[in-house]
Amino acid sequence: MKLGARILKTGIAIILSLLLSELFQLPSPVFAAIAAIFAVQPTIYRSFLSIIEQIQGNFIGAIIAVIFVLLLGNHIVIIGLAAIIVITINLKLKIENTISLSLVTMIVIMETPGDEFIQFALIRFSTIMLGVLSAFIVNLVFLPPKYEKKLYYKISDVTEETTKWIRLTIRHASEHRLLKNDIGKMKEAVRSLDHLYVMYKEERNYFKKNTLVKSRKLVIYRQMISTVKRSLEMLRRLHRFENDLQEMPAEFQHAVQQQLDCLIHYHEHVMLKFIGKVKPNVTFEEGDIILNSKELLNLFFANQKEAKIEEEATLSHTVQILSAIINYDEQVVHLDKLITSFQTYHKKTSEIMIEE
């Protein structure tokens, strides 16, 4: 089993919160550890937002606890009523992520009132905030996330999987049931790309000079995700309408096969170009036939008339395949232009790219 960065950071945050609690001689250090668990976040930016929200949420929990105990006591019914108020306030302020920790703060303060209740409440509040601060320090210092690397290789893996199946399907060599299952898995993988993109987007630069580079990379990665989505849609249509394509003349099928071979090779070429494994000034050119959208449609109509295919479903489904090819091609070309522009104006940055 592989331990993720967040698991390790949670463990380190717990250790740090307990050590600091002992250092400051705070009672019940376990509450600091509990707070640290809630406060660990996947990015530094989210950690910064979290500590602000946690301060607000814990302050709400502490204030409600003090008010209810001083006015109404700490009967279990009163604690339940106070919990409802805390949850309502958090929801109204749109900081629902802090509800759990706010309730912990409220309960630990209300559970043992005494002669020095206010002092006890301050100590409990400070203990919990120490745990939140410990988590923030760990997020800031230990195991900084490398979401760019994860994002690129995830996109690359999905691209490789889709292009592999496209090559097999266009040659009628794919097993229908297995491909159907894999398409479902690839859809899940594509959804995870959007999550990784958000994580990478939320990473903050420490130097202003990197802001422009990061902005342009975000545009490229967004286009990469859009392109891989189009390739998956291309595969889905080939899988669904494979039999209809086989009804078309052999010459047309061969032309579509060549077109897709060139297109997916072009896509792979562009992905390698981004990480510097292909020279920036190399022009992609391969195959006996590279048609633009107009030429591809003209070829379709010419073969349809020559073969006298009039079956409406066959024609409609074949047009959908051609539409997916054209759309996919436009996305790859646009991605290539973005990467070429980036590498032209950010030569030093483009040399680094993704570390192995």
# chains A, B, ... in the order shown; residues from 1 in each chain; ligands from 1
$ residues_around --residues "region 145-151 of chain A" --least-positions-apart "6" --cutoff "8 Å" --atoms "only C-alpha atoms" --output "list in words"
Ala5, Pro42, Thr43, Leu193, Leu196, Tyr197, Met199, Tyr200, Ile354 and Glu355 of chain A
$ write_last_selection --atoms "N, CA and C atoms" --output "mmCIF file, in the first residue's frame"
data_model
loop_
_atom_site.group_PDB
_atom_site.id
_atom_site.type_symbol
_atom_site.label_atom_id
_atom_site.label_comp_id
_atom_site.auth_asym_id
_atom_site.auth_seq_id
_atom_site.Cartn_x
_atom_site.Cartn_y
_atom_site.Cartn_z
ATOM 1 N N ALA A 5 0.708 11.755 0.303
ATOM 2 C CA ALA A 5 1.272 12.908 1.013
ATOM 3 C C ALA A 5 0.338 13.390 2.116
ATOM 4 N N PRO A 42 -5.205 19.683 1.094
ATOM 5 C CA PRO A 42 -4.335 19.194 0.016
ATOM 6 C C PRO A 42 -3.424 20.246 -0.601
ATOM 7 N N THR A 43 -3.751 21.542 -0.464
ATOM 8 C CA THR A 43 -2.908 22.594 -1.027
ATOM 9 C C THR A 43 -2.658 23.674 0.011
ATOM 10 N N LEU A 193 -9.291 14.324 -13.719
ATOM 11 C CA LEU A 193 -8.414 15.358 -14.278
ATOM 12 C C LEU A 193 -8.894 16.753 -13.888
ATOM 13 N N LEU A 196 -7.749 17.415 -10.343
ATOM 14 C CA LEU A 196 -6.311 17.706 -10.276
ATOM 15 C C LEU A 196 -6.005 19.097 -10.820
ATOM 16 N N TYR A 197 -6.732 19.485 -11.867
ATOM 17 C CA TYR A 197 -6.537 20.819 -12.442
ATOM 18 C C TYR A 197 -6.856 21.905 -11.415
ATOM 19 N N MET A 199 -6.688 21.567 -8.178
ATOM 20 C CA MET A 199 -5.623 21.531 -7.168
ATOM 21 C C MET A 199 -4.383 22.297 -7.654
ATOM 22 N N TYR A 200 -4.018 22.077 -8.909
ATOM 23 C CA TYR A 200 -2.854 22.772 -9.470
ATOM 24 C C TYR A 200 -3.123 24.276 -9.568
ATOM 25 N N ILE A 354 8.348 19.098 -16.752
ATOM 26 C CA ILE A 354 7.965 18.100 -15.763
ATOM 27 C C ILE A 354 9.166 17.257 -15.415
ATOM 28 N N GLU A 355 9.536 17.251 -14.155
ATOM 29 C CA GLU A 355 10.675 16.448 -13.718
ATOM 30 C C GLU A 355 10.264 14.988 -13.626
#
$ residues_around --residues "Phe252 (chain A)" --least-positions-apart "2" --cutoff "8 Å" --atoms "only C-alpha atoms" --output "PyMOL selection string"
chain A and resi 248-250+254-256+299-300+303
$ write_last_selection --atoms "N, CA, C and O atoms" --output "mmCIF file, in the first residue's frame"
data_model
loop_
_atom_site.group_PDB
_atom_site.id
_atom_site.type_symbol
_atom_site.label_atom_id
_atom_site.label_comp_id
_atom_site.auth_asym_id
_atom_site.auth_seq_id
_atom_site.Cartn_x
_atom_site.Cartn_y
_atom_site.Cartn_z
ATOM 1 N N MET A 248 -19.505 1.488 -45.118
ATOM 2 C CA MET A 248 -18.955 2.417 -46.108
ATOM 3 C C MET A 248 -17.917 1.705 -46.975
ATOM 4 O O MET A 248 -17.388 0.663 -46.585
ATOM 5 N N PRO A 249 -17.630 2.249 -48.184
ATOM 6 C CA PRO A 249 -16.640 1.629 -49.070
ATOM 7 C C PRO A 249 -15.278 1.484 -48.402
ATOM 8 O O PRO A 249 -14.903 2.279 -47.536
ATOM 9 N N ALA A 250 -14.521 0.475 -48.804
ATOM 10 C CA ALA A 250 -13.212 0.191 -48.208
ATOM 11 C C ALA A 250 -12.256 1.380 -48.365
ATOM 12 O O ALA A 250 -11.446 1.660 -47.473
ATOM 13 N N HIS A 254 -10.366 3.205 -45.265
ATOM 14 C CA HIS A 254 -8.906 3.328 -45.238
ATOM 15 C C HIS A 254 -8.487 4.785 -45.036
ATOM 16 O O HIS A 254 -7.537 5.073 -44.293
ATOM 17 N N ALA A 255 -9.208 5.697 -45.687
ATOM 18 C CA ALA A 255 -8.896 7.119 -45.539
ATOM 19 C C ALA A 255 -9.129 7.587 -44.100
ATOM 20 O O ALA A 255 -8.323 8.338 -43.537
ATOM 21 N N VAL A 256 -10.232 7.137 -43.496
ATOM 22 C CA VAL A 256 -10.527 7.487 -42.103
ATOM 23 C C VAL A 256 -9.460 6.915 -41.178
ATOM 24 O O VAL A 256 -9.011 7.569 -40.238
ATOM 25 N N LEU A 299 -14.898 13.776 -49.369
ATOM 26 C CA LEU A 299 -14.581 12.365 -49.590
ATOM 27 C C LEU A 299 -15.747 11.480 -49.166
ATOM 28 O O LEU A 299 -16.085 10.503 -49.835
ATOM 29 N N PHE A 300 -16.378 11.843 -48.062
ATOM 30 C CA PHE A 300 -17.534 11.081 -47.574
ATOM 31 C C PHE A 300 -18.681 11.121 -48.585
ATOM 32 O O PHE A 300 -19.248 10.075 -48.948
ATOM 33 N N ASN A 303 -17.881 9.074 -51.791
ATOM 34 C CA ASN A 303 -17.975 7.622 -51.605
ATOM 35 C C ASN A 303 -19.413 7.175 -51.364
ATOM 36 O O ASN A 303 -19.809 6.085 -51.776
#
$ residues_around --residues "Leu101 (chain A)" --least-positions-apart "6" --cutoff "8 Å" --atoms "only C-alpha atoms" --output "ChimeraX atom specification"
/A:35,38,54,57-58
$ write_last_selection --atoms "N, CA and C atoms" --output "compact mmCIF listing (two decimals), in the first residue's frame"
# COMPACT_ATOMS: atom_id res chain seq x y z
N ALA A 35 -8.13 18.70 16.21
CA ALA A 35 -8.23 19.88 15.36
C ALA A 35 -7.26 19.80 14.18
N PHE A 38 -8.69 17.70 11.31
CA PHE A 38 -9.70 18.40 10.51
C PHE A 38 -9.08 19.46 9.60
N GLN A 54 -11.45 28.19 10.08
CA GLN A 54 -11.42 27.48 11.36
C GLN A 54 -11.41 28.45 12.54
N GLY A 57 -15.00 29.57 12.76
CA GLY A 57 -15.85 28.50 13.25
C GLY A 57 -15.62 28.19 14.72
N ASN A 58 -14.36 28.15 15.13
CA ASN A 58 -14.05 27.86 16.53
C ASN A 58 -14.47 29.01 17.45
$ select_by_dssp --residues "region 77-157 of chain A" --states "helix (DSSP H, G or I)" --output "number ranges by chain"
A: 77-92, 96-110, 117-141, 147-157
$ residues_around --residues "Val332 (chain A)" --least-positions-apart "2" --cutoff "8 Å" --atoms "only C-alpha atoms" --output "ChimeraX atom specification"
/A:227,266-267,270,328-330,334-336
$ residues_around --residues "region 13-23 of chain A" --least-positions-apart "3" --cutoff "10 Å" --atoms "only C-alpha atoms" --output "ChimeraX atom specification"
/A:7-10,26-37,39-40,126-139,142
$ residues_around --residues "region 65-81 of chain A" --least-positions-apart "4" --cutoff "12 Å" --atoms "only C-alpha atoms" --output "PyMOL selection string"
chain A and resi 58-61+85-88+102-122+124-125
$ closest_residue --among "A:Ser174, A:Ser100, A:Gln41, A:Thr344" --to "Glu242 (chain A)" --atoms "only C-alpha atoms"
A:Ser174
$ closest_residue --among "A:Leu218, A:Leu93, A:Leu296, A:Val158" --to "Glu188 (chain A)" --atoms "only C-alpha atoms"
A:Val158
$ decode --residues "region 319-332 of chain A" --atoms "N, CA, C and O atoms" --output "mmCIF file, in the first residue's frame"
data_model
loop_
_atom_site.group_PDB
_atom_site.id
_atom_site.type_symbol
_atom_site.label_atom_id
_atom_site.label_comp_id
_atom_site.auth_asym_id
_atom_site.auth_seq_id
_atom_site.Cartn_x
_atom_site.Cartn_y
_atom_site.Cartn_z
ATOM 1 N N VAL A 319 -21.487 10.422 -40.275
ATOM 2 C CA VAL A 319 -21.275 11.867 -40.142
ATOM 3 C C VAL A 319 -20.890 12.222 -38.707
ATOM 4 O O VAL A 319 -20.049 13.095 -38.465
ATOM 5 N N GLN A 320 -21.482 11.537 -37.734
ATOM 6 C CA GLN A 320 -21.126 11.792 -36.335
ATOM 7 C C GLN A 320 -19.662 11.428 -36.061
ATOM 8 O O GLN A 320 -18.970 12.120 -35.310
ATOM 9 N N ILE A 321 -19.190 10.356 -36.690
ATOM 10 C CA ILE A 321 -17.774 9.974 -36.548
ATOM 11 C C ILE A 321 -16.881 11.047 -37.161
ATOM 12 O O ILE A 321 -15.880 11.461 -36.564
ATOM 13 N N LEU A 322 -17.256 11.516 -38.354
ATOM 14 C CA LEU A 322 -16.467 12.560 -39.023
ATOM 15 C C LEU A 322 -16.459 13.854 -38.199
ATOM 16 O O LEU A 322 -15.435 14.535 -38.096
ATOM 17 N N SER A 323 -17.609 14.172 -37.625
ATOM 18 C CA SER A 323 -17.700 15.367 -36.787
ATOM 19 C C SER A 323 -16.750 15.267 -35.591
ATOM 20 O O SER A 323 -16.080 16.238 -35.229
ATOM 21 N N ALA A 324 -16.678 14.075 -34.981
ATOM 22 C CA ALA A 324 -15.784 13.870 -33.841
ATOM 23 C C ALA A 324 -14.323 13.991 -34.262
ATOM 24 O O ALA A 324 -13.503 14.549 -33.538
ATOM 25 N N ILE A 325 -14.000 13.472 -35.472
ATOM 26 C CA ILE A 325 -12.622 13.578 -35.984
ATOM 27 C C ILE A 325 -12.240 15.038 -36.174
ATOM 28 O O ILE A 325 -11.157 15.471 -35.766
ATOM 29 N N ILE A 326 -13.131 15.810 -36.793
ATOM 30 C CA ILE A 326 -12.856 17.228 -37.059
ATOM 31 C C ILE A 326 -12.690 17.997 -35.759
ATOM 32 O O ILE A 326 -11.767 18.816 -35.604
ATOM 33 N N ASN A 327 -13.568 17.733 -34.806
ATOM 34 C CA ASN A 327 -13.495 18.409 -33.505
ATOM 35 C C ASN A 327 -12.204 18.066 -32.781
ATOM 36 O O ASN A 327 -11.532 18.938 -32.214
ATOM 37 N N TYR A 328 -11.854 16.794 -32.771
ATOM 38 C CA TYR A 328 -10.618 16.325 -32.140
ATOM 39 C C TYR A 328 -9.409 16.985 -32.787
ATOM 40 O O TYR A 328 -8.489 17.457 -32.112
ATOM 41 N N ASP A 329 -9.419 17.037 -34.113
ATOM 42 C CA ASP A 329 -8.305 17.650 -34.856
ATOM 43 C C ASP A 329 -8.140 19.125 -34.477
ATOM 44 O O ASP A 329 -7.018 19.602 -34.254
ATOM 45 N N GLU A 330 -9.233 19.851 -34.380
ATOM 46 C CA GLU A 330 -9.169 21.274 -34.019
ATOM 47 C C GLU A 330 -8.573 21.468 -32.631
ATOM 48 O O GLU A 330 -7.789 22.397 -32.403
ATOM 49 N N GLN A 331 -8.927 20.569 -31.688
ATOM 50 C CA GLN A 331 -8.407 20.680 -30.324
ATOM 51 C C GLN A 331 -6.907 20.413 -30.280
ATOM 52 O O GLN A 331 -6.157 21.099 -29.571
ATOM 53 N N VAL A 332 -6.446 19.414 -31.041
ATOM 54 C CA VAL A 332 -5.013 19.092 -31.059
ATOM 55 C C VAL A 332 -4.214 20.234 -31.684
ATOM 56 O O VAL A 332 -3.156 20.625 -31.174
#
